[in-house]
>>> print(open('input_30.txt').read())   # compact mmCIF, C-alpha atoms
# COMPACT_ATOMS: atom_id res chain seq x y z
CA MET A 161 -19.06 -140.06 -76.55
CA GLU A 162 -18.03 -142.54 -79.21
CA PRO A 163 -14.30 -143.19 -79.59
CA PHE A 164 -12.64 -141.38 -82.50
CA GLY A 165 -9.28 -141.45 -84.23
CA SER A 166 -6.12 -143.38 -83.48
CA THR A 167 -6.10 -146.38 -81.13
CA VAL A 168 -2.47 -145.81 -80.14
CA PRO A 169 -2.24 -144.98 -76.41
CA PHE A 170 -2.07 -141.21 -75.77
CA ALA A 171 -2.20 -140.37 -79.49
CA GLU A 172 -5.51 -138.53 -79.05
CA PRO A 173 -7.03 -136.29 -76.34
CA ALA A 174 -9.00 -138.11 -73.64
CA TRP A 175 -12.40 -137.07 -74.97
CA TYR A 176 -11.57 -138.70 -78.33
CA THR A 177 -11.33 -142.04 -76.52
CA GLY A 178 -14.81 -141.90 -74.99
CA VAL A 179 -13.94 -140.23 -71.68
CA THR A 180 -16.77 -137.95 -70.55
CA THR A 181 -16.24 -134.20 -70.80
CA PRO A 182 -18.18 -131.06 -69.81
CA TYR A 183 -16.73 -129.01 -72.66
CA TYR A 184 -17.63 -130.56 -76.00
CA THR A 185 -21.03 -130.93 -77.70
CA SER A 186 -22.38 -132.39 -80.93
CA LYS A 187 -21.20 -129.23 -82.71
CA HIS A 188 -17.62 -129.94 -81.70
CA ILE A 189 -17.88 -133.59 -82.70
CA LYS A 190 -19.13 -132.47 -86.12
CA LEU A 191 -16.24 -130.03 -86.51
CA ARG A 192 -13.69 -132.63 -85.44
CA SER A 193 -14.94 -135.12 -88.04
CA PHE A 194 -14.94 -132.50 -90.78
CA LEU A 195 -11.39 -131.39 -89.97
CA ARG A 196 -10.01 -134.92 -89.72
CA SER A 197 -11.43 -135.79 -93.15
CA TYR A 198 -10.31 -132.52 -94.75
CA TYR A 199 -6.71 -132.80 -93.57
CA ASP A 200 -6.46 -136.54 -94.24
CA GLU A 201 -7.66 -136.04 -97.81
CA ASN A 202 -6.17 -132.69 -98.79
CA ILE A 203 -3.12 -131.92 -96.65
CA SER A 204 -1.47 -134.95 -95.02
CA PRO A 205 -0.68 -136.87 -98.25
CA HIS A 206 1.28 -133.88 -99.63
CA ALA A 207 2.64 -132.17 -96.52
CA GLY A 208 6.09 -133.75 -96.65
CA GLU A 209 6.52 -132.80 -100.30
CA TRP A 210 5.40 -129.19 -99.71
CA GLU A 211 7.71 -128.82 -96.74
CA ALA A 212 10.64 -130.12 -98.79
CA GLN A 213 9.79 -127.68 -101.59
CA GLY A 214 9.52 -124.84 -99.09
CA ILE A 215 6.07 -123.69 -100.18
CA VAL A 216 2.40 -124.59 -99.98
CA PRO A 217 0.99 -124.31 -103.53
CA LYS A 218 -1.06 -121.18 -104.15
CA HIS A 219 -4.16 -123.10 -105.24
CA VAL A 220 -4.11 -125.04 -101.95
CA VAL A 221 -3.95 -121.83 -99.91
CA GLU A 222 -6.77 -120.34 -102.00
CA LYS A 223 -8.96 -123.40 -101.46
CA HIS A 224 -8.19 -123.26 -97.74
CA GLY A 225 -9.40 -119.67 -97.65
CA LYS A 226 -12.56 -120.33 -99.64
CA GLU A 227 -13.46 -123.21 -97.32
CA GLY A 228 -13.55 -120.72 -94.42
CA PHE A 229 -10.39 -121.76 -92.56
CA LEU A 230 -8.76 -118.33 -92.63
CA ALA A 231 -11.87 -116.58 -91.33
CA ALA A 232 -12.32 -119.13 -88.55
CA ALA A 233 -8.73 -118.58 -87.37
CA VAL A 234 -9.34 -114.90 -86.50
CA PHE A 235 -10.06 -114.48 -82.78
CA PRO A 236 -11.86 -112.50 -81.54
CA ALA A 237 -14.27 -112.24 -84.45
CA ALA A 238 -15.30 -108.94 -86.03
CA GLU A 239 -18.84 -107.75 -86.67
CA ASP A 240 -21.12 -109.89 -88.85
CA LYS A 241 -21.09 -107.55 -91.84
CA TYR A 242 -17.42 -108.26 -92.53
CA TYR A 243 -18.15 -111.98 -92.98
CA GLU A 244 -20.42 -111.59 -96.00
CA GLY A 245 -19.45 -114.17 -98.61
CA VAL A 246 -17.45 -116.23 -96.09
CA LYS A 247 -18.16 -119.97 -96.10
CA LYS A 248 -19.13 -121.49 -92.75
CA LEU A 249 -16.51 -124.02 -91.69
CA ALA A 250 -18.23 -127.39 -91.19
CA GLY A 251 -21.52 -125.51 -91.53
CA ILE A 252 -21.11 -123.89 -88.10
CA GLU A 253 -22.69 -120.45 -87.80
CA ARG A 254 -20.29 -117.68 -86.84
CA GLY A 255 -22.26 -116.96 -83.68
CA GLU A 256 -21.90 -120.60 -82.62
CA TRP A 257 -18.13 -120.68 -83.05
CA ASP A 258 -16.39 -120.72 -79.67
CA ILE A 259 -12.98 -121.20 -78.06
CA TRP A 260 -13.50 -124.98 -78.11
CA CYS A 261 -13.87 -124.83 -81.88
CA ASP A 262 -10.56 -122.93 -81.95
CA LEU A 263 -8.95 -125.63 -79.81
CA ILE A 264 -10.17 -128.45 -82.05
CA MET A 265 -9.12 -126.66 -85.24
CA ALA A 266 -5.63 -125.91 -83.90
CA ASP A 267 -5.25 -129.52 -82.78
CA GLU A 268 -6.51 -131.20 -85.94
CA SER A 269 -4.66 -128.84 -88.30
CA THR A 270 -1.37 -129.78 -86.62
CA ARG A 271 -1.93 -133.50 -87.03
CA PRO A 272 -0.29 -133.85 -90.49
CA GLY A 273 2.98 -133.38 -88.61
CA TYR A 274 4.59 -130.65 -90.72
CA LEU A 275 4.34 -127.38 -88.82
CA GLY A 276 5.69 -125.34 -91.72
CA VAL A 277 2.80 -126.48 -93.90
CA ASN A 278 0.31 -125.69 -91.14
CA TRP A 279 1.67 -122.15 -90.78
CA GLY A 280 2.08 -121.80 -94.54
CA LEU A 281 -1.66 -122.32 -94.98
CA GLY A 282 -2.41 -119.12 -93.10
CA GLY A 283 -0.50 -118.80 -89.84
CA GLY A 284 0.12 -115.13 -90.53
CA ASN A 285 -3.60 -114.41 -90.82
CA GLY A 286 -4.28 -115.96 -87.42
CA ILE A 287 -2.03 -113.46 -85.66
CA GLY A 288 -1.99 -110.51 -88.06
CA ALA A 289 -5.74 -110.04 -88.52
CA PRO A 290 -7.03 -110.11 -84.88
CA PRO A 291 -5.66 -106.63 -84.01
CA ILE A 292 -7.60 -105.24 -86.97
CA ALA A 293 -10.74 -107.13 -85.94
CA SER A 294 -10.48 -105.72 -82.42
CA TRP A 295 -9.05 -102.23 -82.95
CA GLY A 296 -9.55 -101.34 -86.60
CA THR A 297 -11.80 -98.60 -87.90
CA PRO A 298 -14.75 -99.54 -90.14
CA GLU A 299 -12.70 -98.39 -93.13
CA GLN A 300 -9.70 -100.50 -92.10
CA LYS A 301 -11.88 -103.55 -91.57
CA SER A 302 -13.55 -103.17 -94.96
CA LYS A 303 -10.27 -102.58 -96.79
CA PHE A 304 -8.01 -105.10 -95.04
CA LEU A 305 -9.92 -107.49 -92.78
CA ALA A 306 -12.89 -108.48 -94.95
CA PRO A 307 -10.72 -109.62 -97.91
CA VAL A 308 -8.62 -111.72 -95.51
CA LEU A 309 -11.74 -113.37 -94.11
CA ARG A 310 -12.90 -114.20 -97.65
CA GLY A 311 -9.51 -115.67 -98.53
CA GLU A 312 -8.77 -112.96 -101.10
CA MET A 313 -5.82 -111.39 -99.24
CA ARG A 314 -3.13 -112.60 -96.87
CA CYS A 315 -1.60 -110.79 -93.94
CA CYS A 316 1.13 -111.27 -91.37
CA LEU A 317 2.23 -109.87 -88.02
CA GLY A 318 5.48 -107.90 -87.95
CA ILE A 319 6.82 -107.56 -84.42
CA THR A 320 10.05 -109.55 -84.14
CA GLU A 321 13.33 -107.87 -85.07
CA ALA A 322 16.81 -109.35 -85.30
CA SER A 323 18.01 -107.04 -82.53
CA GLY A 324 15.26 -107.67 -80.00
CA GLY A 325 13.58 -111.07 -80.27
CA SER A 326 11.10 -111.35 -77.40
CA ASP A 327 11.80 -107.78 -76.23
CA VAL A 328 8.78 -106.14 -77.88
CA ALA A 329 9.22 -102.87 -76.00
CA GLY A 330 12.76 -102.55 -77.36
CA LEU A 331 11.91 -102.62 -81.07
CA LEU A 332 13.87 -100.27 -83.34
CA THR A 333 11.77 -99.88 -86.51
CA THR A 334 10.67 -96.23 -86.63
CA ALA A 335 7.68 -94.39 -88.07
CA ARG A 336 7.89 -90.59 -88.10
CA ARG A 337 5.25 -88.31 -89.52
CA SER A 338 5.86 -86.75 -92.93
CA PRO A 339 6.09 -82.95 -93.21
CA ASP A 340 2.51 -82.75 -94.54
CA GLY A 341 1.24 -84.93 -91.68
CA ASN A 342 -0.58 -87.33 -94.02
CA SER A 343 1.86 -90.24 -93.82
CA PHE A 344 4.26 -92.10 -91.60
CA ILE A 345 7.78 -92.62 -92.97
CA VAL A 346 8.84 -96.11 -91.90
CA ASN A 347 12.45 -97.29 -91.63
CA GLY A 348 13.78 -100.51 -90.15
CA SER A 349 13.36 -104.25 -90.52
CA LYS A 350 11.46 -107.29 -89.28
CA LYS A 351 12.78 -110.84 -89.18
CA TRP A 352 11.32 -114.37 -89.10
CA ILE A 353 7.89 -113.08 -90.12
CA THR A 354 5.58 -115.98 -90.97
CA ASN A 355 3.87 -115.71 -94.41
CA ALA A 356 5.37 -112.27 -95.15
CA ILE A 357 6.90 -113.45 -98.41
CA ASP A 358 3.41 -113.88 -99.89
CA ALA A 359 1.37 -111.51 -97.72
CA ASP A 360 -0.47 -108.46 -99.03
CA PHE A 361 0.04 -106.42 -95.88
CA MET A 362 1.68 -106.55 -92.47
CA THR A 363 0.26 -105.51 -89.11
CA THR A 364 3.48 -103.87 -87.98
CA ALA A 365 4.87 -102.73 -84.65
CA VAL A 366 6.79 -99.46 -85.06
CA ARG A 367 8.29 -96.81 -82.82
CA THR A 368 6.42 -93.53 -83.10
CA GLY A 369 7.41 -92.12 -79.71
CA GLY A 370 10.16 -92.39 -77.13
CA ALA A 371 11.92 -95.43 -75.74
CA GLY A 372 10.09 -98.36 -74.22
CA ALA A 373 6.54 -99.67 -74.47
CA SER A 374 4.92 -96.23 -74.37
CA GLY A 375 6.44 -95.30 -77.74
CA VAL A 376 5.13 -98.25 -79.77
CA SER A 377 2.31 -98.05 -82.36
CA LEU A 378 0.74 -100.49 -84.80
CA LEU A 379 0.56 -99.70 -88.52
CA ILE A 380 -1.06 -101.63 -91.35
CA ILE A 381 1.66 -101.60 -94.03
CA PRO A 382 0.84 -102.85 -97.56
CA LEU A 383 3.86 -104.85 -98.64
CA ASN A 384 3.73 -103.65 -102.25
CA LEU A 385 4.65 -100.09 -101.24
CA LYS A 386 7.83 -98.51 -102.57
CA GLY A 387 10.74 -99.10 -100.23
CA VAL A 388 9.60 -102.53 -98.97
CA THR A 389 11.89 -105.47 -99.75
CA ARG A 390 11.39 -109.10 -98.77
CA ARG A 391 13.48 -112.24 -98.87
CA LYS A 392 12.72 -115.75 -97.64
CA ILE A 393 14.77 -117.05 -94.71
CA ASP A 394 16.12 -120.60 -94.71
CA ASN A 395 15.59 -121.86 -91.17
CA THR A 396 16.27 -125.21 -89.54
CA GLY A 397 12.58 -126.11 -89.75
CA VAL A 398 9.14 -124.83 -90.84
CA ASN A 399 10.48 -124.45 -94.38
CA ALA A 400 7.03 -124.03 -95.95
CA SER A 401 5.91 -121.34 -93.51
CA GLY A 402 7.22 -118.46 -95.59
CA SER A 403 9.54 -117.12 -92.88
CA THR A 404 10.72 -113.75 -94.18
CA TYR A 405 13.15 -110.90 -93.62
CA VAL A 406 11.43 -107.59 -94.39
CA GLU A 407 13.16 -104.21 -94.78
CA PHE A 408 11.55 -100.77 -94.85
CA GLU A 409 13.40 -97.85 -96.42
CA ASP A 410 11.54 -94.53 -96.31
CA VAL A 411 8.21 -96.29 -96.81
CA LEU A 412 5.27 -93.87 -96.91
CA VAL A 413 2.29 -95.31 -95.03
CA PRO A 414 -0.97 -93.33 -94.83
CA THR A 415 -1.80 -92.14 -91.31
CA SER A 416 -5.23 -93.70 -91.86
CA ASN A 417 -3.48 -97.08 -91.49
CA LEU A 418 -2.71 -96.44 -87.82
CA LEU A 419 -4.39 -99.06 -85.61
CA GLY A 420 -5.89 -97.55 -82.48
CA LYS A 421 -4.20 -94.53 -80.97
CA GLU A 422 -0.63 -93.47 -81.62
CA ASN A 423 1.79 -94.90 -79.02
CA PHE A 424 -0.89 -97.38 -77.88
CA GLY A 425 0.46 -100.29 -79.91
CA PHE A 426 2.11 -102.17 -77.07
CA GLN A 427 -1.21 -102.58 -75.27
CA ILE A 428 -2.83 -103.88 -78.46
CA ILE A 429 -0.01 -106.36 -78.97
CA MET A 430 -0.41 -107.68 -75.43
CA THR A 431 -4.12 -108.43 -76.03
CA ASN A 432 -3.07 -110.61 -78.97
CA PHE A 433 -0.71 -112.84 -76.99
CA LEU A 434 -3.14 -114.94 -74.93
CA HIS A 435 -4.84 -116.56 -77.89
CA GLU A 436 -1.59 -116.88 -79.83
CA ARG A 437 0.12 -118.67 -76.96
CA LEU A 438 -2.86 -120.93 -76.39
CA ILE A 439 -2.70 -122.00 -80.04
CA LEU A 440 1.04 -122.67 -79.69
CA CYS A 441 0.32 -124.82 -76.62
CA ILE A 442 -2.22 -126.86 -78.57
CA GLN A 443 0.11 -127.26 -81.53
CA ALA A 444 3.06 -128.31 -79.36
CA ASN A 445 1.00 -130.89 -77.51
CA ARG A 446 -0.34 -132.39 -80.75
CA MET A 447 3.20 -132.58 -82.11
CA ALA A 448 4.15 -134.50 -78.96
CA ARG A 449 1.24 -136.89 -79.59
CA ILE A 450 2.50 -137.45 -83.14
CA CYS A 451 5.86 -138.47 -81.70
CA ILE A 452 4.11 -140.96 -79.42
CA GLU A 453 1.89 -142.32 -82.20
CA ASP A 454 4.61 -142.92 -84.77
CA ALA A 455 7.13 -144.31 -82.27
CA TYR A 456 4.55 -146.67 -80.75
CA ASP A 457 3.49 -147.98 -84.15
CA TYR A 458 7.14 -148.69 -84.92
CA ALA A 459 7.78 -150.30 -81.55
CA THR A 460 4.98 -152.82 -82.08
CA THR A 461 6.56 -154.16 -85.28
CA ARG A 462 10.30 -153.73 -84.65
CA LYS A 463 11.79 -156.84 -83.07
CA THR A 464 14.98 -156.86 -81.06
CA PHE A 465 16.52 -159.59 -78.89
CA GLY A 466 13.73 -161.95 -79.84
CA LYS A 467 10.73 -159.79 -78.93
CA ALA A 468 8.86 -156.74 -80.09
CA LEU A 469 10.41 -153.46 -78.97
CA ILE A 470 7.20 -152.51 -77.16
CA GLU A 471 7.63 -155.52 -74.88
CA GLN A 472 10.85 -154.15 -73.42
CA PRO A 473 10.13 -152.57 -69.99
CA VAL A 474 12.45 -149.63 -70.60
CA ILE A 475 10.58 -148.79 -73.82
CA ARG A 476 7.19 -149.14 -72.16
CA ALA A 477 8.32 -146.73 -69.45
CA LYS A 478 9.13 -144.14 -72.11
CA PHE A 479 5.57 -144.25 -73.46
CA SER A 480 4.07 -144.01 -69.99
CA ASP A 481 6.18 -140.95 -69.28
CA MET A 482 5.23 -139.34 -72.59
CA GLY A 483 1.56 -140.11 -71.98
CA ARG A 484 1.69 -138.45 -68.59
CA ILE A 485 3.14 -135.30 -70.14
CA VAL A 486 0.61 -134.84 -72.97
CA THR A 487 -2.37 -135.73 -70.79
CA ALA A 488 -1.45 -133.23 -68.09
CA ASN A 489 -0.71 -130.48 -70.59
CA HIS A 490 -4.00 -131.03 -72.42
CA SER A 491 -5.89 -130.64 -69.15
CA TRP A 492 -4.07 -127.35 -68.55
CA ILE A 493 -4.99 -126.20 -72.07
CA GLU A 494 -8.65 -127.00 -71.42
CA GLN A 495 -8.54 -125.11 -68.12
CA ILE A 496 -7.31 -122.00 -69.93
CA ALA A 497 -9.92 -122.40 -72.67
CA HIS A 498 -12.68 -122.78 -70.09
CA HIS A 499 -11.76 -119.50 -68.40
CA ILE A 500 -11.59 -117.72 -71.77
CA ALA A 501 -15.09 -119.01 -72.50
CA SER A 502 -16.39 -117.93 -69.09
CA VAL A 503 -15.26 -114.32 -68.61
CA PRO A 504 -14.93 -111.14 -70.73
CA LYS A 505 -11.82 -111.01 -72.94
CA ALA A 506 -10.19 -108.19 -70.99
CA GLN A 507 -10.47 -110.16 -67.76
CA ALA A 508 -9.19 -113.34 -69.41
CA ASP A 509 -6.19 -111.44 -70.80
CA MET A 510 -5.32 -110.27 -67.30
CA ASP A 511 -6.14 -113.47 -65.40
CA LEU A 512 -4.36 -115.83 -67.79
CA ALA A 513 -1.29 -113.93 -68.99
CA GLY A 514 1.01 -115.75 -66.60
CA THR A 515 -0.85 -119.06 -66.78
CA ALA A 516 -0.73 -119.21 -70.57
CA ALA A 517 2.95 -118.29 -70.53
CA LEU A 518 3.79 -121.17 -68.19
CA CYS A 519 1.52 -123.55 -70.07
CA LYS A 520 3.43 -122.77 -73.27
CA VAL A 521 6.71 -123.51 -71.49
CA SER A 522 5.28 -126.79 -70.19
CA CYS A 523 3.94 -127.85 -73.60
CA THR A 524 7.09 -127.01 -75.54
CA ARG A 525 9.38 -128.65 -72.99
CA GLY A 526 7.06 -131.63 -73.03
CA LEU A 527 7.40 -131.69 -76.81
CA GLU A 528 11.19 -131.67 -76.51
CA ILE A 529 11.07 -134.70 -74.19
CA CYS A 530 8.57 -136.62 -76.31
CA CYS A 531 10.49 -135.96 -79.50
CA ARG A 532 13.75 -137.05 -77.91
CA GLU A 533 12.24 -140.26 -76.53
CA ALA A 534 10.45 -141.05 -79.79
CA LEU A 535 13.71 -140.66 -81.69
CA GLN A 536 15.37 -143.08 -79.28
CA VAL A 537 12.63 -145.62 -79.96
CA LEU A 538 12.78 -145.11 -83.71
CA GLY A 539 16.55 -145.35 -83.88
CA GLY A 540 17.89 -144.97 -87.41
CA VAL A 541 14.49 -144.49 -89.05
CA GLY A 542 14.01 -141.38 -86.94
CA TYR A 543 17.25 -139.90 -88.23
CA GLN A 544 16.35 -140.00 -91.91
CA ARG A 545 13.92 -137.73 -93.71
CA GLY A 546 10.72 -139.36 -94.91
CA GLY A 547 9.54 -142.90 -94.29
CA ARG A 548 8.18 -144.29 -91.03
CA GLY A 549 10.06 -141.84 -88.86
CA GLY A 550 9.66 -138.88 -91.19
CA ARG A 551 7.16 -136.91 -89.14
CA VAL A 552 9.18 -137.22 -85.95
CA GLU A 553 12.40 -136.30 -87.75
CA GLN A 554 10.65 -133.20 -89.10
CA ILE A 555 9.37 -132.32 -85.64
CA SER A 556 12.92 -132.57 -84.32
CA ARG A 557 13.74 -129.64 -86.63
CA ASP A 558 10.49 -127.72 -86.12
CA LEU A 559 10.31 -127.85 -82.35
CA ARG A 560 12.92 -125.16 -81.71
CA VAL A 561 10.66 -122.46 -83.13
CA MET A 562 7.97 -123.57 -80.68
CA CYS A 563 10.32 -122.95 -77.76
CA VAL A 564 11.29 -119.49 -79.00
CA GLY A 565 8.36 -118.16 -81.06
CA GLY A 566 5.63 -116.31 -79.18
CA GLY A 567 8.06 -115.68 -76.33
CA SER A 568 11.08 -117.77 -75.37
CA ASP A 569 10.95 -120.20 -72.45
CA GLU A 570 13.18 -117.95 -70.38
CA ILE A 571 11.08 -114.82 -70.93
CA LEU A 572 7.79 -116.64 -70.34
CA THR A 573 9.05 -118.43 -67.23
CA ASP A 574 9.81 -115.07 -65.64
CA LEU A 575 6.54 -113.56 -66.91
CA GLY A 576 4.56 -116.43 -65.43
CA LEU A 577 6.01 -115.88 -61.97
CA ARG A 578 5.65 -112.09 -62.13
CA MET A 579 1.99 -112.28 -63.13
CA GLU A 580 1.22 -114.77 -60.38
CA GLU A 581 2.99 -112.53 -57.84
CA LYS A 582 0.90 -109.61 -59.06
CA LYS A 583 -2.30 -111.62 -58.81
CA MET A 584 -1.50 -112.82 -55.31
CA SER A 585 -0.64 -109.29 -54.24
CA VAL A 586 -4.09 -108.12 -55.33
CA LEU A 587 -5.77 -111.02 -53.52
CA LYS A 588 -3.74 -110.30 -50.40
CA THR A 589 -4.87 -106.68 -50.44
CA LYS A 590 -8.51 -107.69 -50.87
CA SER A 591 -8.26 -110.21 -48.02
CA ALA A 592 -6.78 -107.57 -45.71
CA LYS A 593 -9.80 -105.35 -46.28
CA LEU A 594 -12.29 -108.07 -45.29
>>> encode(input="input_30.txt", output="structure tokens")
Amino acid sequence: MEPFGSTVPFAEPAWYTGVTTPYYTSKHIKLRSFLRSYYDENISPHAGEWEAQGIVPKHVVEKHGKEGFLAAAVFPAAEDKYYEGVKKLAGIERGEWDIWCDLIMADESTRPGYLGVNWGLGGGNGIGAPPIASWGTPEQKSKFLAPVLRGEMRCCLGITEASGGSDVAGLLTTARRSPDGNSFIVNGSKKWITNAIDADFMTTAVRTGGAGASGVSLLIIPLNLKGVTRRKIDNTGVNASGSTYVEFEDVLVPTSNLLGKENFGFQIIMTNFLHERLILCIQANRMARICIEDAYDYATTRKTFGKALIEQPVIRAKFSDMGRIVTANHSWIEQIAHHIASVPKAQADMDLAGTAALCKVSCTRGLEICCREALQVLGGVGYQRGGRGGRVEQISRDLRVMCVGGGSDEILTDLGLRMEEKKMSVLKTKSAKL
């Protein structure tokens, strides 16, 4: 393959530099080129400004949707009929789109360096629409999913609550049936919900039964219903992501908006996590590469004690260490993607639950190290907003959400071990029978 992209060491994945690969074809090269041009021309020049303003302009989001980005972000895909009128991203047919296309899109879309802008362009759609694509009725898909795919509506995923965080099974928002049985009456709140401030509806985890996972359901809640209130949250980072606090007070939601079976929501949520965590891994590793790229560029021009900073052995060691981290993590990401591409989704969800959890921990901790080391190289320019160190400074504020969102390091570390123990137990039982 021909080299592509930055010539800074470790700033790009190995296959960008001409290293042979069994995963990527001419289709993927075409997509990569399209995405690099699109983001370089339309997003990167304005990303810092949009993040500072705390919003991605509406016309930019609309263009993003019409280009086919929002439809391409929904995994797994729905039936063909719901994609009528949807533009093919980079001209790739829907049936040709695969997990490697997802990987490339997640990687390239993170490259501008402002995670809040990336998520503000449609992060909520990428996690709020898949449950509808997989579990929705034909009516639900026509009413809610198809307009999202065409870029006409926006959605979000409402799971996290202030009281529970990563404890999905412990959520407190309730949905009880109305006396006439035609509606659910929803009361409670959701916090830190990406894109909710501008979304048309929320795929919402609610408690319809008893305590624990067996009492959780998923409802599609239009956010213009009476009793719904929203306010934007000012977080440390991802300012343009539309992070929102949402309250429900006696909100009447039609029972026809129930996704799947009542009290089956927890299982649906779990099938959403593998792809979400894989995307977070990809984003975290690209953010780490940005730290390497910008710090290395600076180190080649900054002179100290009579020589360029990059000539100092202690500085060179930092870049070698950072390169080792991002290269290893990218290989792990590709291993997960390969298994997803090779087996049915249900099997991948089971086989990779623990692996993806630990990969996310590895990628986000790797990001923390790379950001810290890049800031040390950049010195003062990495402490100010904007300028040569602006992307790394922004990442220093965005990275915390990567370590907590989609499951905190502590929760995922335990999950990773438990799932591996479970897998080994099954293998041990099978071996004993041979």
>>> axis_aligned_box(input="input_30.txt", around="region 580-589 of chain A", padding_each_side="3 Å", output="AutoDock Vina command-line options")
--center_x -1.4 --center_y -110.7 --center_z -55.4 --size_x 14.8 --size_y 14.1 --size_z 16.0
>>> closest_atom_pairs(input="input_30.txt", of="region 500-556 of chain A", to="region 255-268 of chain A", cutoff="12 Å", atoms="all atoms listed in the file", output="JSON lines")
{"residue": "A:Ile500", "atom": "CA", "partner": "A:Ile259", "partner_atom": "CA", "distance": 7.3}
{"residue": "A:Ala501", "atom": "CA", "partner": "A:Ile259", "partner_atom": "CA", "distance": 6.3}
{"residue": "A:Ser502", "atom": "CA", "partner": "A:Ile259", "partner_atom": "CA", "distance": 10.1}
{"residue": "A:Val503", "atom": "CA", "partner": "A:Ile259", "partner_atom": "CA", "distance": 11.9}
{"residue": "A:Lys505", "atom": "CA", "partner": "A:Ile259", "partner_atom": "CA", "distance": 11.5}
>>> residues_around(input="input_30.txt", residues="Phe194 (chain A)", least_positions_apart="5", cutoff="12 Å", atoms="all atoms listed in the file", output="ChimeraX atom specification")
/A:187-189,199-202,227,229,248-252,261,264-265,268-269
>>> residues_around(input="input_30.txt", residues="Cys563 (chain A)", least_positions_apart="2", cutoff="9 Å", atoms="only C-alpha atoms", output="list in words")
Lys520, Val521, Thr524, Arg525, Glu528, Leu559, Arg560, Val561, Gly565, Gly566, Gly567, Ser568 and Asp569 of chain A
>>> residues_around(input="input_30.txt", residues="Ser403 (chain A)", least_positions_apart="6", cutoff="9 Å", atoms="only C-alpha atoms", output="PyMOL selection string")
chain A and resi 280+351-357+391-395
>>> residues_near_point(input="input_30.txt", point="(15.8, -132.0, -84.7)", cutoff="9 Å", atoms="all atoms listed in the file", output="compact mmCIF listing (two decimals) with C-alpha atoms, keeping the file's coordinate frame")
# COMPACT_ATOMS: atom_id res chain seq x y z
CA THR A 396 16.27 -125.21 -89.54
CA GLY A 397 12.58 -126.11 -89.75
CA CYS A 531 10.49 -135.96 -79.50
CA ARG A 532 13.75 -137.05 -77.91
CA TYR A 543 17.25 -139.90 -88.23
CA VAL A 552 9.18 -137.22 -85.95
CA GLU A 553 12.40 -136.30 -87.75
CA GLN A 554 10.65 -133.20 -89.10
CA ILE A 555 9.37 -132.32 -85.64
CA SER A 556 12.92 -132.57 -84.32
CA ARG A 557 13.74 -129.64 -86.63
CA ASP A 558 10.49 -127.72 -86.12
CA LEU A 559 10.31 -127.85 -82.35
CA ARG A 560 12.92 -125.16 -81.71
